[in-house]
Amino acid sequence: MSQGTHAEPTYSKAGPCPFCLIASKHPPQKYPVNPASDTADLEKPFVSQNGDAHIILSTPSILAFLDIMPLTRGHTLVIPRNHYVNLAETGATDMMSLGAYLPLLARCVMKVVGWKDFNIVQNNG
């Protein structure tokens with residue numbers, strides 16, 4: 001059950017994957033965002049109209065949204081659209097997309113919260 005698609009939520013004994021549910025409700029944004037661009041429109045982020053997640057970025061391969069139980073202001077989750085159990089099982093193409101968008105997302109969050117420092121943390125399990 002390591003990889004599936006977010007077209008239909010992935011299920012386990014505990015129920016549906018919450019990240020798959022969010023991704024299945026939020027298609028990629030219609031306007032592309034260049035991850036290397038410093039000129040992305042940071043003033044008008046894509047916001048979910050479904051109310052279940054505040055979407056910051058939605059591409060064909062990744063999704064970034066605010067955490068429902070943030071540890072700090074701007075606490076953002078960045079996930080691949082494909083379902084993986086952990087980092088060791090994540091596909092190289094999805095990891096490249098995650099890495100490409102992290103600097104843009106970091107600039108966005110820092111601008112919104114007004115901080116110059118941040119942490120990027122990866123959790124398994």
# chains A, B, ... in the order shown; residues from 1 in each chain; ligands from 1
>>> residues_around(residues="stretch 88-98 of chain A", least_positions_apart="6", cutoff="10 Å", atoms="only C-alpha atoms", output="ChimeraX atom specification")
/A:2-3,35,59-64,78-82,124
>>> write_last_selection(atoms="C-alpha atoms", output="tab-separated table (two decimals), in the first residue's frame")
chain	number	residue	atom	x	y	z
A	2	SER	CA	2.95	2.33	-0.43
A	3	GLN	CA	1.83	4.25	-3.49
A	35	PRO	CA	8.98	27.48	-8.12
A	59	THR	CA	0.21	21.79	-8.37
A	60	PRO	CA	-0.21	18.55	-10.32
A	61	SER	CA	2.41	16.91	-8.07
A	62	ILE	CA	2.29	18.65	-4.66
A	63	LEU	CA	-0.08	20.38	-2.26
A	64	ALA	CA	0.77	22.87	0.51
A	78	VAL	CA	3.74	20.20	2.04
A	79	ILE	CA	2.76	16.81	0.62
A	80	PRO	CA	3.04	14.94	-2.67
A	81	ARG	CA	-0.28	14.24	-4.40
A	82	ASN	CA	0.73	10.59	-4.67
A	124	ASN	CA	7.64	9.64	9.28
>>> closest_residue(among="A:Ile68, A:His83, A:Val113, A:Leu105", to="A:Pro16", atoms="only C-alpha atoms")
A:His83
>>> closest_residue(among="A:Pro28, A:Pro103, A:Pro18, A:Gly125", to="A:Asn86", atoms="only C-alpha atoms")
A:Gly125
>>> atom_distance(atom1="atom CA of A:Leu57", atom2="atom CA of A:Gln29")
7.5 Å
>>> residues_around(residues="A:Thr76", least_positions_apart="3", cutoff="9 Å", atoms="only C-alpha atoms", output="PyMOL selection string")
chain A and resi 56+64-67+70+73+105+109
>>> atom_distance(atom1="atom CA of A:His26", atom2="atom CA of A:Ala106")
21.2 Å
